[in-house]
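Source file: target_14.txt. Holds: compact mmCIF, C-alpha atoms and all ligand atoms.
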```txt
# COMPACT_ATOMS: atom_id res chain seq x y z
CA MET A 1196 -2.92 -13.61 -4.14
CA THR A 1197 -6.52 -14.85 -3.85
CA ALA A 1198 -8.87 -13.35 -1.25
CA SER A 1199 -8.75 -16.55 0.83
CA SER A 1200 -4.94 -16.76 0.89
CA ARG A 1201 -4.54 -13.11 1.93
CA PRO A 1202 -3.44 -12.64 5.55
CA PHE A 1203 -6.35 -11.76 7.80
CA ILE A 1204 -6.33 -8.02 8.55
CA PRO A 1205 -9.19 -7.26 10.92
CA ARG A 1206 -11.41 -4.31 10.16
CA ILE A 1207 -11.95 -2.30 13.34
CA ALA A 1208 -14.56 0.39 14.04
CA ILE A 1209 -13.44 2.94 16.63
CA THR A 1210 -16.09 5.11 18.29
CA MET A 1211 -15.28 8.74 19.05
CA GLY A 1212 -16.53 8.71 22.67
CA ASP A 1213 -17.48 12.07 24.14
CA PRO A 1214 -16.35 14.73 21.62
CA CYS A 1215 -15.88 17.21 24.49
CA GLY A 1216 -13.26 14.94 26.07
CA VAL A 1217 -9.97 13.47 24.84
CA GLY A 1218 -11.43 10.80 22.52
CA PRO A 1219 -10.96 12.59 19.17
CA GLU A 1220 -7.48 13.77 20.19
CA ILE A 1221 -6.18 10.30 21.06
CA ILE A 1222 -7.70 8.90 17.87
CA VAL A 1223 -5.98 11.55 15.76
CA LYS A 1224 -2.68 10.86 17.53
CA ALA A 1225 -3.09 7.13 16.89
CA PHE A 1226 -3.94 7.66 13.21
CA ALA A 1227 -1.02 10.02 12.72
CA SER A 1228 1.47 7.55 14.22
CA LYS A 1229 2.93 4.40 12.69
CA ASP A 1230 1.91 2.26 15.66
CA MET A 1231 -1.16 0.73 14.00
CA GLU A 1232 0.68 -0.04 10.78
CA GLY A 1233 0.05 -3.56 9.55
CA CYS A 1234 -2.22 -4.57 12.41
CA CYS A 1235 -5.68 -3.69 11.13
CA CYS A 1236 -7.92 -1.72 8.88
CA PRO A 1237 -9.38 0.95 11.20
CA LEU A 1238 -12.25 3.38 10.68
CA ILE A 1239 -13.98 5.89 12.92
CA VAL A 1240 -17.60 6.51 13.79
CA GLY A 1241 -18.24 10.00 15.11
CA GLU A 1242 -18.53 13.71 14.46
CA PRO A 1243 -16.11 14.88 11.71
CA LEU A 1244 -15.93 18.40 13.18
CA ALA A 1245 -14.43 17.04 16.39
CA PHE A 1246 -11.72 15.28 14.40
CA GLN A 1247 -10.92 18.28 12.20
CA ARG A 1248 -10.55 20.33 15.38
CA ALA A 1249 -8.16 17.74 16.85
CA ILE A 1250 -6.17 17.61 13.59
CA ASP A 1251 -5.83 21.41 13.69
CA LEU A 1252 -4.91 21.42 17.38
CA LEU A 1253 -2.15 18.89 16.84
CA ASP A 1254 -1.13 20.11 13.42
CA ALA A 1255 -1.39 16.45 12.39
CA GLU A 1256 -0.70 15.30 8.84
CA LEU A 1257 -4.09 13.67 8.40
CA THR A 1258 -6.91 14.06 5.93
CA ILE A 1259 -10.49 13.16 6.74
CA HIS A 1260 -12.13 10.83 4.23
CA PRO A 1261 -15.89 10.38 4.77
CA ILE A 1262 -17.30 6.88 4.33
CA GLU A 1263 -20.75 5.34 4.61
CA ASN A 1264 -19.87 1.68 4.90
CA PRO A 1265 -16.83 -0.23 6.20
CA SER A 1266 -16.57 -2.19 2.96
CA GLU A 1267 -15.31 1.03 1.32
CA ILE A 1268 -11.96 0.54 2.99
CA ASP A 1269 -9.93 -2.52 2.31
CA GLU A 1270 -6.36 -1.47 2.95
CA THR A 1271 -4.15 -2.16 5.91
CA PHE A 1272 -3.61 0.98 7.93
CA ARG A 1273 -1.07 3.56 6.82
CA PRO A 1274 -0.82 6.93 8.59
CA GLY A 1275 -2.35 9.81 6.66
CA THR A 1276 -6.09 9.22 6.22
CA LEU A 1277 -8.85 9.15 8.79
CA PHE A 1278 -11.82 7.22 7.41
CA ILE A 1279 -14.93 8.39 9.19
CA LYS A 1280 -18.60 7.59 9.20
CA SER A 1281 -20.56 10.56 10.51
CA ALA A 1282 -22.83 9.82 13.47
CA GLY A 1283 -25.10 12.83 13.60
CA GLU A 1284 -24.76 16.49 12.80
CA LEU A 1285 -23.18 18.61 15.47
CA THR A 1286 -21.96 22.19 15.42
CA SER A 1287 -18.80 23.59 17.03
CA ALA A 1288 -20.98 25.04 19.79
CA ASP A 1289 -22.22 21.53 20.62
CA ILE A 1290 -18.73 20.16 21.27
CA GLY A 1291 -17.01 22.71 23.49
CA TYR A 1292 -13.94 21.23 25.17
CA GLY A 1293 -14.04 20.08 28.75
CA HIS A 1294 -17.68 20.25 29.75
CA PRO A 1295 -20.69 18.01 29.21
CA SER A 1296 -22.82 18.70 26.16
CA ARG A 1297 -26.46 17.71 26.07
CA ALA A 1298 -26.52 18.23 22.29
CA ALA A 1299 -23.73 15.69 21.72
CA CYS A 1300 -25.38 12.80 23.58
CA ALA A 1301 -27.39 11.43 20.66
CA ALA A 1302 -24.32 11.29 18.39
CA VAL A 1303 -22.24 9.61 21.12
CA VAL A 1304 -24.84 6.88 21.57
CA GLU A 1305 -25.45 6.55 17.82
CA SER A 1306 -21.74 6.02 17.15
CA ILE A 1307 -21.71 3.06 19.55
CA ARG A 1308 -24.93 1.67 18.12
CA GLN A 1309 -23.57 1.92 14.56
CA ALA A 1310 -20.30 0.18 15.40
CA VAL A 1311 -22.12 -2.66 17.16
CA SER A 1312 -24.53 -3.07 14.29
CA TRP A 1313 -21.62 -3.38 11.83
CA ALA A 1314 -19.95 -5.93 14.10
CA LEU A 1315 -23.13 -8.01 14.36
CA GLU A 1316 -23.48 -7.91 10.57
CA GLY A 1317 -19.87 -9.04 10.16
CA LEU A 1318 -18.85 -5.80 8.40
CA VAL A 1319 -16.19 -5.14 11.04
CA ASN A 1320 -14.28 -7.74 13.06
CA ALA A 1321 -14.05 -5.71 16.26
CA ILE A 1322 -15.03 -2.45 17.87
CA VAL A 1323 -12.90 -0.18 20.04
CA THR A 1324 -14.60 2.49 22.12
CA CYS A 1325 -13.34 5.84 23.37
CA PRO A 1326 -14.57 7.18 26.70
CA ILE A 1327 -18.06 8.49 27.27
CA HIS A 1328 -19.14 10.86 30.04
CA LYS A 1329 -21.53 8.64 31.94
CA ALA A 1330 -23.14 11.26 34.17
CA ASN A 1331 -23.92 13.44 31.15
CA LEU A 1332 -25.46 10.56 29.21
CA HIS A 1333 -27.48 9.46 32.24
CA ALA A 1334 -28.76 13.00 32.72
CA ASN A 1335 -29.95 12.88 29.13
CA GLY A 1336 -31.85 9.63 29.11
CA PHE A 1337 -29.19 6.95 28.58
CA SER A 1338 -30.25 4.23 31.00
CA PHE A 1339 -27.12 2.06 31.07
CA PRO A 1340 -24.25 2.35 33.58
CA GLY A 1341 -21.74 2.31 30.71
CA HIS A 1342 -20.77 0.77 27.37
CA THR A 1343 -20.55 -2.70 28.87
CA GLU A 1344 -24.22 -2.97 29.78
CA PHE A 1345 -25.31 -1.14 26.59
CA LEU A 1346 -23.38 -3.63 24.45
CA GLN A 1347 -24.84 -6.50 26.46
CA GLU A 1348 -28.32 -5.20 25.62
CA LEU A 1349 -27.57 -4.51 21.93
CA THR A 1350 -26.14 -7.99 21.44
CA HIS A 1351 -28.72 -9.79 23.63
CA THR A 1352 -25.99 -11.37 25.74
CA PRO A 1353 -27.11 -12.89 29.06
CA HIS A 1354 -23.92 -12.20 31.01
CA VAL A 1355 -20.78 -10.21 30.31
CA VAL A 1356 -17.62 -9.53 32.28
CA MET A 1357 -15.48 -6.41 32.41
CA MET A 1358 -11.78 -7.21 32.26
CA LEU A 1359 -8.94 -4.70 32.44
CA ALA A 1360 -5.90 -6.22 30.78
CA GLY A 1361 -2.34 -4.95 30.96
CA PRO A 1362 0.95 -6.59 29.96
CA ARG A 1363 1.56 -7.94 33.49
CA LEU A 1364 -1.85 -7.93 35.15
CA ARG A 1365 -5.34 -8.91 34.01
CA VAL A 1366 -8.33 -8.35 36.28
CA SER A 1367 -11.97 -9.40 35.80
CA LEU A 1368 -14.67 -7.81 37.93
CA ALA A 1369 -17.43 -9.87 39.57
CA THR A 1370 -19.43 -6.67 40.12
CA ILE A 1371 -18.95 -3.45 38.14
CA HIS A 1372 -20.60 -0.09 38.69
CA HIS A 1373 -22.35 -0.37 42.05
CA ALA A 1374 -22.20 1.38 45.39
CA LEU A 1375 -19.73 -0.39 47.66
CA ALA A 1376 -22.53 -0.94 50.20
CA ASP A 1377 -24.41 -3.07 47.65
CA VAL A 1378 -21.50 -5.35 46.73
CA PRO A 1379 -21.93 -8.10 49.37
CA ARG A 1380 -25.59 -8.50 48.42
CA LEU A 1381 -24.77 -8.62 44.67
CA LEU A 1382 -22.09 -11.27 45.04
CA THR A 1383 -24.02 -14.49 44.45
CA PRO A 1384 -22.72 -17.97 43.59
CA GLU A 1385 -24.18 -17.57 40.09
CA ILE A 1386 -22.45 -14.23 39.46
CA LEU A 1387 -19.13 -15.59 40.69
CA ARG A 1388 -19.43 -18.75 38.61
CA GLN A 1389 -20.27 -16.80 35.46
CA THR A 1390 -17.43 -14.35 36.03
CA ILE A 1391 -14.91 -17.16 36.49
CA GLU A 1392 -16.14 -19.28 33.58
CA ILE A 1393 -16.40 -16.38 31.11
CA THR A 1394 -12.91 -15.25 32.14
CA ALA A 1395 -11.53 -18.77 31.69
CA GLN A 1396 -13.11 -19.13 28.24
CA ALA A 1397 -11.73 -15.75 27.18
CA MET A 1398 -8.25 -16.58 28.46
CA LEU A 1399 -8.27 -19.76 26.39
CA ARG A 1400 -9.88 -18.51 23.18
CA ASP A 1401 -9.35 -14.73 23.05
CA PHE A 1402 -5.97 -14.42 24.75
CA GLY A 1403 -4.64 -17.81 23.62
CA VAL A 1404 -3.36 -18.74 27.10
CA PRO A 1405 -3.40 -22.54 27.50
CA SER A 1406 -4.43 -23.87 30.91
CA PRO A 1407 -4.75 -20.37 32.40
CA ARG A 1408 -4.05 -19.82 36.10
CA ILE A 1409 -6.98 -17.90 37.53
CA ALA A 1410 -6.86 -16.54 41.06
CA VAL A 1411 -9.93 -15.41 42.96
CA ALA A 1412 -9.63 -12.50 45.37
CA ALA A 1413 -11.32 -12.56 48.75
CA LEU A 1414 -13.78 -9.84 49.64
CA ASN A 1415 -12.59 -9.13 53.17
CA PRO A 1416 -9.20 -8.25 54.68
CA HIS A 1417 -6.96 -11.31 55.15
CA ALA A 1418 -9.56 -13.37 53.26
CA GLY A 1419 -11.84 -13.03 56.29
CA GLU A 1420 -9.27 -14.31 58.84
CA ALA A 1421 -11.19 -17.56 59.37
CA GLY A 1422 -14.51 -15.75 59.72
CA ARG A 1423 -13.36 -13.02 62.10
CA PHE A 1424 -13.59 -10.23 59.46
CA GLY A 1425 -16.44 -11.62 57.35
CA ASN A 1426 -17.94 -14.90 56.16
CA GLU A 1427 -18.15 -14.43 52.39
CA GLU A 1428 -14.95 -16.40 51.83
CA MET A 1429 -16.13 -19.51 53.70
CA GLU A 1430 -19.77 -19.33 52.71
CA LEU A 1431 -19.62 -18.08 49.12
CA ILE A 1432 -16.25 -17.85 47.41
CA GLN A 1433 -14.58 -21.08 48.58
CA PRO A 1434 -17.59 -23.30 47.70
CA VAL A 1435 -17.83 -21.75 44.22
CA ILE A 1436 -14.12 -22.36 43.61
CA GLU A 1437 -14.47 -25.98 44.74
CA SER A 1438 -17.49 -26.49 42.48
CA LEU A 1439 -15.64 -25.22 39.40
CA GLN A 1440 -12.46 -27.28 39.34
CA SER A 1441 -11.74 -27.97 35.68
CA ASN A 1442 -9.05 -29.59 33.58
CA LEU A 1443 -9.10 -26.61 31.16
CA TYR A 1444 -7.95 -24.00 33.66
CA ARG A 1445 -6.31 -23.82 37.10
CA LEU A 1446 -8.50 -22.03 39.60
CA SER A 1447 -7.47 -21.11 43.12
CA GLY A 1448 -8.28 -18.75 46.01
CA PRO A 1449 -9.79 -16.96 47.76
CA TYR A 1450 -6.60 -15.00 48.38
CA SER A 1451 -6.02 -11.98 50.58
CA PRO A 1452 -6.61 -9.05 48.23
CA ASP A 1453 -3.75 -6.98 49.65
CA THR A 1454 -1.08 -9.37 48.35
CA LEU A 1455 -2.83 -11.10 45.45
CA PHE A 1456 -2.31 -8.37 42.87
CA HIS A 1457 1.39 -8.20 43.64
CA ARG A 1458 1.63 -11.97 43.13
CA ALA A 1459 -0.23 -11.78 39.82
CA PHE A 1460 1.95 -8.86 38.69
CA GLN A 1461 5.02 -11.01 39.48
CA GLY A 1462 3.70 -13.70 37.11
CA GLU A 1463 2.11 -16.24 39.44
CA PHE A 1464 -1.37 -15.96 37.83
CA ASP A 1465 -2.72 -15.16 34.35
CA ALA A 1466 -5.89 -13.44 35.57
CA VAL A 1467 -7.42 -12.29 38.84
CA ILE A 1468 -11.12 -12.25 39.67
CA ALA A 1469 -11.79 -9.13 41.76
CA MET A 1470 -14.96 -8.83 43.80
CA TYR A 1471 -15.68 -5.18 43.00
CA HIS A 1472 -14.65 -2.28 40.75
CA ASP A 1473 -12.03 -0.49 42.84
CA GLN A 1474 -10.54 -3.67 44.29
CA GLY A 1475 -9.47 -4.58 40.75
CA LEU A 1476 -9.04 -1.24 39.04
CA ILE A 1477 -6.89 0.51 41.62
CA PRO A 1478 -4.00 -1.98 41.29
CA ILE A 1479 -4.20 -2.20 37.52
CA LYS A 1480 -4.38 1.55 36.97
CA LEU A 1481 -1.49 2.01 39.41
CA VAL A 1482 0.82 -0.15 37.32
CA HIS A 1483 -0.75 0.04 33.84
CA PHE A 1484 -2.53 3.40 33.54
CA TYR A 1485 -1.16 4.06 30.05
CA ASP A 1486 -1.16 0.54 28.68
CA ALA A 1487 -4.17 -1.27 30.12
CA VAL A 1488 -7.18 -2.09 27.98
CA ASN A 1489 -10.80 -2.58 28.99
CA VAL A 1490 -12.21 -5.71 27.31
CA THR A 1491 -15.80 -6.91 27.45
CA LEU A 1492 -15.71 -10.68 27.80
CA GLY A 1493 -18.62 -12.91 26.83
CA LEU A 1494 -19.98 -10.83 23.94
CA PRO A 1495 -20.54 -12.35 20.50
CA ILE A 1496 -18.54 -9.41 19.10
CA VAL A 1497 -15.02 -8.25 19.98
CA ARG A 1498 -14.98 -5.03 22.03
CA THR A 1499 -12.05 -3.32 23.65
CA SER A 1500 -11.71 0.18 25.05
CA VAL A 1501 -9.26 2.58 26.58
CA ASP A 1502 -8.90 2.16 30.36
CA HIS A 1503 -9.35 5.86 31.13
CA GLY A 1504 -12.19 8.35 31.08
CA THR A 1505 -12.99 11.58 29.23
CA ALA A 1506 -10.27 13.57 31.04
CA TYR A 1507 -12.19 16.84 30.59
CA GLU A 1508 -9.56 18.83 32.45
CA ILE A 1509 -6.95 18.20 29.74
CA ALA A 1510 -9.29 18.12 26.71
CA GLY A 1511 -8.09 20.58 24.08
CA THR A 1512 -4.60 20.93 25.55
CA GLY A 1513 -2.99 18.42 23.20
CA THR A 1514 -1.45 16.51 26.11
CA ALA A 1515 -3.64 13.36 26.17
CA ASN A 1516 -1.68 10.13 26.00
CA PRO A 1517 -2.96 7.83 23.18
CA ASN A 1518 -1.22 4.68 24.36
CA SER A 1519 -4.19 2.93 25.97
CA LEU A 1520 -6.08 3.42 22.69
CA LEU A 1521 -3.19 1.98 20.68
CA GLU A 1522 -3.10 -1.01 23.02
CA ALA A 1523 -6.88 -1.38 22.74
CA VAL A 1524 -6.65 -1.48 18.94
CA GLN A 1525 -3.81 -4.04 19.02
CA LEU A 1526 -5.67 -6.25 21.48
CA ALA A 1527 -8.90 -6.04 19.46
CA ALA A 1528 -6.94 -7.18 16.39
CA THR A 1529 -5.35 -10.05 18.31
CA ILE A 1530 -8.67 -11.25 19.75
CA ALA A 1531 -10.37 -11.01 16.35
CA SER A 1532 -7.56 -13.11 14.82
CA ASN A 1533 -7.67 -15.66 17.65
CA ARG A 1534 -11.45 -16.02 17.32
CA ARG A 1535 -11.11 -16.50 13.60
CA LYS A 1536 -8.46 -19.21 14.10
CA SER A 1537 -10.59 -21.02 16.66
CA SER A 1538 -13.66 -20.90 14.40
CA VAL A 1539 -11.62 -22.32 11.52
CA GLN A 1540 -10.30 -25.14 13.75
CA SER A 1541 -13.71 -26.12 15.18
N1 LIG A 1601 -14.71 3.56 28.99
C1 LIG A 1601 -15.32 4.67 29.37
O1 LIG A 1601 -16.19 5.16 28.68
C2 LIG A 1601 -14.91 5.34 30.66
C3 LIG A 1601 -15.53 6.52 31.00
N2 LIG A 1601 -15.21 7.14 32.17
C4 LIG A 1601 -15.91 8.40 32.44
O2 LIG A 1601 -14.99 9.49 32.31
C5 LIG A 1601 -15.42 10.57 33.13
C6 LIG A 1601 -14.25 11.13 33.92
O3 LIG A 1601 -13.77 10.12 34.80
P1 LIG A 1601 -12.52 10.28 35.76
O4 LIG A 1601 -12.79 9.43 36.94
O5 LIG A 1601 -12.20 11.72 35.96
O6 LIG A 1601 -11.34 9.56 35.03
P2 LIG A 1601 -10.39 10.01 33.82
O7 LIG A 1601 -9.68 8.78 33.39
O8 LIG A 1601 -11.13 10.78 32.82
O9 LIG A 1601 -9.32 11.01 34.50
C7 LIG A 1601 -8.53 10.62 35.60
C8 LIG A 1601 -7.16 11.32 35.54
O10 LIG A 1601 -6.38 10.76 34.51
C9 LIG A 1601 -6.01 11.74 33.54
N3 LIG A 1601 -6.11 11.11 32.20
C10 LIG A 1601 -7.13 10.33 31.75
N4 LIG A 1601 -6.86 9.93 30.51
C11 LIG A 1601 -5.68 10.43 30.16
C12 LIG A 1601 -4.87 10.37 28.98
N5 LIG A 1601 -5.25 9.67 27.89
N6 LIG A 1601 -3.70 11.03 28.96
C13 LIG A 1601 -3.29 11.73 30.04
N7 LIG A 1601 -4.00 11.84 31.19
C14 LIG A 1601 -5.18 11.19 31.25
C15 LIG A 1601 -7.01 12.87 33.70
O11 LIG A 1601 -6.52 14.08 33.23
C16 LIG A 1601 -7.26 12.83 35.20
O12 LIG A 1601 -6.21 13.48 35.86
C17 LIG A 1601 -16.57 10.01 33.99
O13 LIG A 1601 -17.80 10.42 33.44
C18 LIG A 1601 -16.45 8.52 33.84
O14 LIG A 1601 -17.67 7.85 33.94
C19 LIG A 1601 -14.26 6.65 33.02
C20 LIG A 1601 -13.62 5.48 32.72
C21 LIG A 1601 -13.90 4.73 31.52
N1 LIG A 1602 -14.19 2.09 35.14
C1 LIG A 1602 -14.33 1.45 33.89
C2 LIG A 1602 -15.41 2.04 33.11
O1 LIG A 1602 -16.08 2.92 33.56
C3 LIG A 1602 -15.64 1.51 31.75
O2 LIG A 1602 -16.99 1.31 31.57
P1 LIG A 1602 -17.61 0.92 30.16
O3 LIG A 1602 -18.10 2.19 29.58
O4 LIG A 1602 -16.56 0.25 29.37
O5 LIG A 1602 -18.74 0.01 30.54
```
As structure tokens:
Amino acid sequence: MTASSRPFIPRIAITMGDPCGVGPEIIVKAFASKDMEGCCCPLIVGEPLAFQRAIDLLDAELTIHPIENPSEIDETFRPGTLFIKSAGELTSADIGYGHPSRAACAAVVESIRQAVSWALEGLVNAIVTCPIHKANLHANGFSFPGHTEFLQELTHTPHVVMMLAGPRLRVSLATIHHALADVPRLLTPEILRQTIEITAQAMLRDFGVPSPRIAVAALNPHAGEAGRFGNEEMELIQPVIESLQSNLYRLSGPYSPDTLFHRAFQGEFDAVIAMYHDQGLIPIKLVHFYDAVNVTLGLPIVRTSVDHGTAYEIAGTGTANPNSLLEAVQLAATIASNRRKSSVQS
């Protein structure tokens, strides 16, 4: 078989996240299972000590194989070997379970930076990130609210959208990590337009959904009840929806938020645009906590992530569920393949 006739197996860099949380454990569980078999060629960027500790904790049948460059691995995944690029030198004392570590911050940030740099160079087809402890990073000089904004900066992307995607519900956020009191001021026609258009493009190209049905949530109860509970629907959301009617996607709303997510979950819509973080994430985590994936839409690279955080309180207990990570890897592979197909066609 020639290189060009070989099936496309995406190479995926997975970042360790905070080594004091559940990141290394869920990675080890994923690498020890057969669930990634055939889907990709995965490698890790992080602190090898954290992975050896997780292997020992779980008594996993895995061997660590250090690498320097993704091109060193060319085989479709089979359980047994954890290929890892070291991202800094930490000691066991630096990565105590379940509490923030100042010493680990540089390696956490470097692992993300390295994965993005490989993706921009075309050495990997996608990156998957494990959770970081935001407050700890902020306290130690990291100036971004989270991965999303850091990746936006590293890739010089003007606007990105956070989507949480589960099997029956997909939600894009018009605003992300902000105080609730700031949300009405941050919701501008431009932000709404970009969120809707980037979501529509991703539904078409990345998710392969033709003519996607996109529903826009209202901000206020009962979609404002004709102005009685707020004017954002009449003055902002409705005009933006009317200005964006397209023959590529089906856009509608603004809908009462209290019933919209149920309707989308029942299959009436392919994606929902939520106005703020908890409006969108509460419903999706209620129904898809273990199988939703965080996807950054609009980037030139493919990035997915687990939907959960560092879970410090269970770190080191061996009880972390790896399913969101497995879903994130599968979705990254699917998006990478879909992007490749669309670039071949165009
Ligand atoms: N993508 C990322 O980097 C994310 C990072 N975070 C960060 O994580 C830290 C902790 O955030 P929390 O709000 O406490 O959320 P969390 O998701 O870490 O924990 C919430 C609850 O879910 C449980 N949980 C989380 N993941 C689990 C898993 N894989 N298996 C079993 N149980 C699990 C935890 O034990 C806890 O009871 C914060 O610093 C936050 O900023 C939160 C979300 C995403
Ligand atoms: N609540 C979702 C979240 O915090 C993920 O943020 P990011 O690190 O992916 O930007």
Could you give me the residues within 9 Å of ligand LIG 1602 (chain A), counting only C-alpha atoms and all ligand atoms, as a PyMOL selection string?
chain A and resi 1324-1329+1339-1346+1357+1359+1371-1372+1472-1473+1476+1489-1491+1499-1504
Spatial neighbours of A:Val1240, 9 Å, all atoms listed in the file, chain gap at least 4 places, as a ChimeraX atom specification
/A:1208-1211,1278-1282,1305-1307,1309-1310
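Take the candidates A:Pro1407, A:Gly1511, A:Pro1205, A:Pro1452 and check each one against ligand LIG 1601 (chain A) using all atoms listed in the file; the shortest distance goes to A:Gly1511.
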Which distance in Å separates atom CA of A:Ala1225 and atom CA of A:Gly1291, to one decimal?
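Computing the Euclidean distance for atom CA of A:Ala1225 and atom CA of A:Gly1291 yields 21.9 Å.
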Point out the residue among A:Ile1222, A:Ile1262, A:Ala1515, A:Ile1290 with the least atom-to-atom distance to ligand LIG 1601 (chain A), counting only C-alpha atoms and all ligand atoms.
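Ranked by minimum distance to ligand LIG 1601 (chain A), first place goes to A:Ala1515.
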Residue nearest ligand LIG 1601 (chain A) - candidates A:Val1411, A:Ala1369, A:Ala1227, A:Ile1477, atoms counted: only C-alpha atoms and all ligand atoms
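Under the stated criterion, the closest residue is A:Ile1477.
Here atom CA of A:Ala1412 is placed at a distance of 5.1 Å from atom CA of A:Pro1449.
Among the candidates A:Thr1383, A:Asn1264, A:Asn1518, A:Gln1474, the one nearest to A:Ala1487 when counting all atoms listed in the file is A:Asn1518.
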At what distance in Å, to one decimal, does atom CA of A:Gly1233 lie from atom CA of A:Arg1273?
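Value for the atom CA of A:Arg1273-atom CA of A:Gly1233 distance: 7.7 Å.
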When you look at stretch 1331-1333 of chain A with a cut-off of 10 Å (counting only C-alpha atoms), what residues show up, excluding the ones that are within fewer than 6 positions of it in the same chain? I need them as a short mmCIF file (atom, residue, chain, number, x, y, z; two decimals) with C-alpha atoms, in the coordinates of the input.
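Below you can see part_33.cif, which holds the result:
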```cif
data_model
loop_
_atom_site.label_atom_id
_atom_site.label_comp_id
_atom_site.auth_asym_id
_atom_site.auth_seq_id
_atom_site.Cartn_x
_atom_site.Cartn_y
_atom_site.Cartn_z
CA ASP A 1213 -17.48 12.07 24.14
CA HIS A 1294 -17.68 20.25 29.75
CA PRO A 1295 -20.69 18.01 29.21
CA SER A 1296 -22.82 18.70 26.16
CA ARG A 1297 -26.46 17.71 26.07
CA ALA A 1299 -23.73 15.69 21.72
CA CYS A 1300 -25.38 12.80 23.58
CA ALA A 1301 -27.39 11.43 20.66
CA VAL A 1303 -22.24 9.61 21.12
CA VAL A 1304 -24.84 6.88 21.57
CA PHE A 1339 -27.12 2.06 31.07
CA PRO A 1340 -24.25 2.35 33.58
CA GLY A 1341 -21.74 2.31 30.71
#
```
Within 12 Å of A:Pro1202, counting all atoms listed in the file, which residues show up once you throw out same-chain ones fewer than 6 positions away? Write them as a PyMOL selection string, please.
chain A and resi 1196+1233-1235+1270-1271+1532+1535-1536
Hey, which of A:Thr1514, A:Asn1320, A:Ser1312, A:Asn1426 ends up closest to A:Phe1203? Count only C-alpha atoms.
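Answer, going by the shortest atom-to-atom distance: A:Asn1320.
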Excluding A:Tyr1485 and residues on its chain fewer than 2 positions from it, collect all residues at most 10 Å away from it, counting all atoms listed in the file, and give them as a list in words.
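In the requested form, the answer reads Gly1361, Lys1480, Leu1481, Val1482, His1483, Ala1487, Val1488, Val1501, Asp1502, His1503, Asn1516, Pro1517, Asn1518, Ser1519, Leu1520, Leu1521 and Glu1522 of chain A.
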Exercise: stretch 1252-1260 of chain A partners within 10 Å, only C-alpha atoms, chain neighbours under 2 positions left out, as a list in words:
Glu1220, Val1223, Lys1224, Phe1226, Ala1227, Ser1228, Leu1238, Pro1243, Leu1244, Phe1246, Gln1247, Arg1248, Ala1249, Ile1250, Ile1262, Pro1274, Gly1275, Thr1276, Leu1277, Phe1278, Ile1279, Lys1280, Gly1511, Thr1512, Gly1513 and Thr1514 of chain A
